[in-house]
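Beneath this line is the structure, given in structure tokens, with notes to follow.
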Amino acid sequence: MSKGRTRAVSEERASEHDRLSTSDVGAPPGRSSGGSRRRTEPRKGVDVPLLVEQAREGRPRAVARLISLVEGASPQLREVMAALAPLTGGAYVVGLTGSPGVGKSTCTSALVTAYRKAGRRVGVLAVDPSSPFSGGALLGDRVRMSEHASDPGVYIRSMATRGHLGGLAWAAPQAIRVLDAAGCDVILVETVGVGQSEVEIAAQADTSVVLLAPGMGDGIQAAKAGILEIGDVYVVNKADRDGADATARELNHMLGLGESRAPGDWRPPIVKTVAARGEGIDEVVEALDKHRAWMEERDVLATRRTTRAAREIETIALTTLRARITTPGPAHDLPALAQRVTQGTLDPYTAADTLVAALTTD
Ligand SMILES: Nc1nc2c(ncn2[C@@H]2O[C@H](COP(=O)(O)OP(=O)(O)O)[C@@H](O)[C@H]2O)c(=O)[nH]1
Ligand SMILES: [Mg+2]
């Protein structure tokens with residue numbers, strides 16, 4: 001970071017640093033991490049319209065602050081989302097999933113390079129749904145993304161869920177909206193870990209990329225985790241290593257086993273890459289473009305996005321309901337109901353009916 005810049009510029013620079021250095025302080029809804037309070041919970045009374053305007057102009061600081069409002073579940077979150085709504089829908093969201101160490105961050109970084117060469121603005125969101133802490137994996141991501149740290153056409157942000165159930169499902173789509181409104185043409189969402197949460201993230205992407213690498217026992221893992229169903233594009237990374245062809249063959253075989261495709265259906269391609277050297281990345285971009293075109297031709301994209309929005313609404317509604325259930329109101333009292341169930345004077349189903357009825361009248 002240069003010290004010789006003008007104040008305005010150095011502020012921008014500082015915020016670019018911010019977006020990297022805050023990468024592991026993402027708080028789940030309703031919580032914040034102590035040391036980063038200042039950043040994750042911007043002071044009250046943020047001028048949302050101004051912030052949104054600045055984000056639209058592509059100012060990294062404004063983008064970073066909007067995402068912080070999202071992560072910190074700011075009271076102004078609703079205002080932010082209302083202001084962003086008309087500005088979204090322009091970005092193409094690509095999800096990258098796969099086991100830790102397979103090369104997601106390296107591949108993401110290489111994709112950023114490719115998209116930047118094509119003049120596209122890129123947002124990167126690295127999310128860690130598996131761990132309550134953002135440890136080594138995200139730290140490594142920062143190193144692998146660092147070459148883009150000073151590029152004003154790239155926003156990079158990491159989020160950890162800190163073990164908060166549903167936290168990621170809740171926060172990630174909102175962060176994607178911020179990047180979308182900020183004018184990103186492409187948003188790359190990298191998830192760490194394998195499992196259900198990863199599948200959920202894939203549901204938020206327009207196109208899902210599943211990465212594998214030779215010698216990681218990935219084929220079996222992939223089948224177990226059900227990620228063979230979510231890939232629109234498969235990448236066998238580390239093709240410089242022995243066994244890449246075997247992994248690709250095994251994958252091809254496994255994908256074929258589950259085949260019940262009609263003519264015209266999408267057949268997920270398998271692309272071999274050496275992400276560390278940027279090899280095969282153009283082919284990945286080509287596969288992503290093809291998938292996008294395929295979806296647009298058939299209205300699949302619109303359907304996917306509507307499904308995504310439905311899940312998003314559902315998640316927000318459930319989060320709201322859960323909060324109301326656990327906060328006693330005038331007509332409902334969960335602890336009191338629980339006590340009656342324990343005493344045997346009420347059955348849990350009747351108790352639940354009472355609770356649900358009370359929630360809608362309270
Ligand atoms: N040999 C080889 N190593 C790679 C390749 N791509 C990434 N790596 C290395 O694999 C390690 C994990 O990469 P990373 O991108 O952090 O994986 P992630 O955990 O999936 O994000 C790093 O040391 C990378 O340098 C590749 O194509 N070939
Ligand atoms: Mg990574």
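Following the order of the structure tokens, chains are lettered A, B, ..., residues in each are numbered from 1, and ligands are numbered from 1.
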Please return as a compact mmCIF listing (two decimals) with C-alpha atoms, in the first residue's frame the residues found within 8 Å of ligand 1, counting only C-alpha atoms and all ligand atoms.
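Full text of part-v8.txt as output:
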```txt
# COMPACT_ATOMS: atom_id res chain seq x y z
CA THR A 97 -16.92 -26.61 -4.59
CA GLY A 98 -14.62 -29.46 -3.72
CA SER A 99 -12.52 -30.88 -0.93
CA PRO A 100 -10.01 -28.67 0.86
CA GLY A 101 -6.72 -28.53 -1.01
CA VAL A 102 -8.15 -29.53 -4.37
CA GLY A 103 -7.26 -26.12 -5.79
CA LYS A 104 -10.45 -24.06 -5.60
CA SER A 105 -8.74 -20.83 -4.60
CA THR A 106 -6.00 -21.29 -7.17
CA CYS A 107 -8.57 -22.00 -9.84
CA THR A 108 -10.72 -19.06 -8.70
CA ALA A 137 -8.05 -22.51 4.40
CA LEU A 138 -9.24 -18.93 4.13
CA GLY A 140 -4.39 -19.56 2.22
CA ASP A 141 -7.10 -18.13 -0.01
CA ARG A 144 -3.68 -17.13 -3.53
CA GLU A 190 -15.82 -20.63 -3.39
CA VAL A 192 -14.69 -24.85 1.72
CA LEU A 211 -13.37 -29.70 -8.51
CA ASN A 237 -7.28 -30.05 -11.25
CA LYS A 238 -3.61 -30.88 -10.64
CA ALA A 239 -3.48 -32.56 -14.02
CA ASP A 240 0.31 -32.24 -13.72
CA ARG A 241 0.13 -35.08 -11.22
CA THR A 273 -6.56 -28.12 -15.43
CA VAL A 274 -3.28 -27.18 -13.87
CA ALA A 275 -4.69 -24.17 -12.08
CA ALA A 276 -1.34 -23.32 -10.53
CA ARG A 277 -0.01 -22.65 -14.05
CA GLY A 278 -3.25 -21.34 -15.51
CA GLU A 279 -3.50 -24.33 -17.85
```
Neighbour list for A:Ala82 as a PyMOL selection string, cut-off 12 Å, only C-alpha atoms, skip fewer than 3 positions in-chain: chain A and resi 48-49+52+76-79+85-88+174+177-178+181
File dump, residues just selected, C-alpha atoms, as an mmCIF file, in the first residue's frame:
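Result saved to result_21.cif:
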```cif
data_model
loop_
_atom_site.group_PDB
_atom_site.id
_atom_site.type_symbol
_atom_site.label_atom_id
_atom_site.label_comp_id
_atom_site.auth_asym_id
_atom_site.auth_seq_id
_atom_site.Cartn_x
_atom_site.Cartn_y
_atom_site.Cartn_z
ATOM 1 C CA VAL A 48 -27.687 3.721 2.943
ATOM 2 C CA PRO A 49 -28.650 5.537 -0.295
ATOM 3 C CA VAL A 52 -25.433 2.169 -2.420
ATOM 4 C CA GLN A 76 -30.448 -1.332 8.397
ATOM 5 C CA LEU A 77 -30.203 -4.589 6.486
ATOM 6 C CA ARG A 78 -33.765 -4.300 5.224
ATOM 7 C CA GLU A 79 -33.124 -0.814 3.954
ATOM 8 C CA ALA A 85 -33.144 -4.975 -5.252
ATOM 9 C CA PRO A 86 -33.621 -2.945 -8.440
ATOM 10 C CA LEU A 87 -29.881 -3.031 -9.118
ATOM 11 C CA THR A 88 -29.431 -6.780 -9.059
ATOM 12 C CA GLN A 174 -27.249 -11.185 0.530
ATOM 13 C CA ARG A 177 -26.628 -9.246 -4.008
ATOM 14 C CA VAL A 178 -24.232 -6.557 -2.849
ATOM 15 C CA ALA A 181 -25.452 -4.394 -7.414
#
```
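One finds atom CA of A:Ala287 at 6.9 Å from atom CA of A:Val233.
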Exercise: A:Val112 partners within 12 Å, only C-alpha atoms, chain neighbours under 6 positions left out, as a PyMOL selection string: chain A and resi 94+105-106+118-125+144-149+151+153-156+184-189+275+278+281-282+284-285
Take the residues from that selection and write them out as a compact mmCIF listing (two decimals), in the first residue's frame, keeping C-alpha atoms.
```txt
# COMPACT_ATOMS: atom_id res chain seq x y z
CA VAL A 94 -20.52 -19.38 -10.45
CA SER A 105 -8.74 -20.83 -4.60
CA THR A 106 -6.00 -21.29 -7.17
CA ALA A 118 -11.86 -10.14 -21.05
CA GLY A 119 -12.68 -6.85 -19.34
CA ARG A 120 -15.21 -8.28 -16.90
CA ARG A 121 -15.67 -7.07 -13.35
CA VAL A 122 -15.39 -9.91 -10.90
CA GLY A 123 -16.56 -10.53 -7.36
CA VAL A 124 -15.13 -13.34 -5.28
CA LEU A 125 -16.88 -14.67 -2.21
CA ARG A 144 -3.68 -17.13 -3.53
CA MET A 145 -5.94 -14.19 -4.31
CA SER A 146 -3.38 -11.56 -3.39
CA GLU A 147 -2.34 -10.84 -6.96
CA HIS A 148 -5.79 -9.31 -7.48
CA ALA A 149 -5.78 -7.29 -4.27
CA ASP A 151 -7.20 -4.46 -9.01
CA GLY A 153 -12.19 -4.39 -11.00
CA VAL A 154 -12.11 -7.21 -8.47
CA TYR A 155 -13.84 -7.50 -5.10
CA ILE A 156 -12.73 -10.26 -2.80
CA CYS A 184 -19.84 -7.38 -10.98
CA ASP A 185 -20.35 -9.24 -14.23
CA VAL A 186 -19.28 -12.52 -12.69
CA ILE A 187 -19.36 -13.60 -9.05
CA LEU A 188 -17.24 -16.59 -8.10
CA VAL A 189 -18.36 -18.26 -4.88
CA ALA A 275 -4.69 -24.17 -12.08
CA GLY A 278 -3.25 -21.34 -15.51
CA ILE A 281 -8.56 -22.26 -17.43
CA ASP A 282 -9.69 -20.95 -20.83
CA VAL A 284 -13.18 -23.86 -17.96
CA VAL A 285 -14.36 -20.38 -19.00
```
Residues near A:Asp232, cut-off 9 Å, only C-alpha atoms, skip fewer than 5 positions along chain, as number ranges by chain: A: 207-210, 266-269, 288, 291
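Residue nearest A:Ala55, chosen from A:Ala172, A:Ala83, A:Gly183, A:Val236 and counting only C-alpha atoms: A:Gly183.
Between atom CA of A:Val341 and atom CA of A:Asp353 the separation is 12.9 Å.
Here atom CA of A:Ala248 is placed at a distance of 7.8 Å from atom CA of A:Lys272.
Distances to A:Tyr234 were evaluated for A:Glu314, A:Asp206, A:Glu283, A:Glu296 using only C-alpha atoms, and the minimum falls at A:Glu283.
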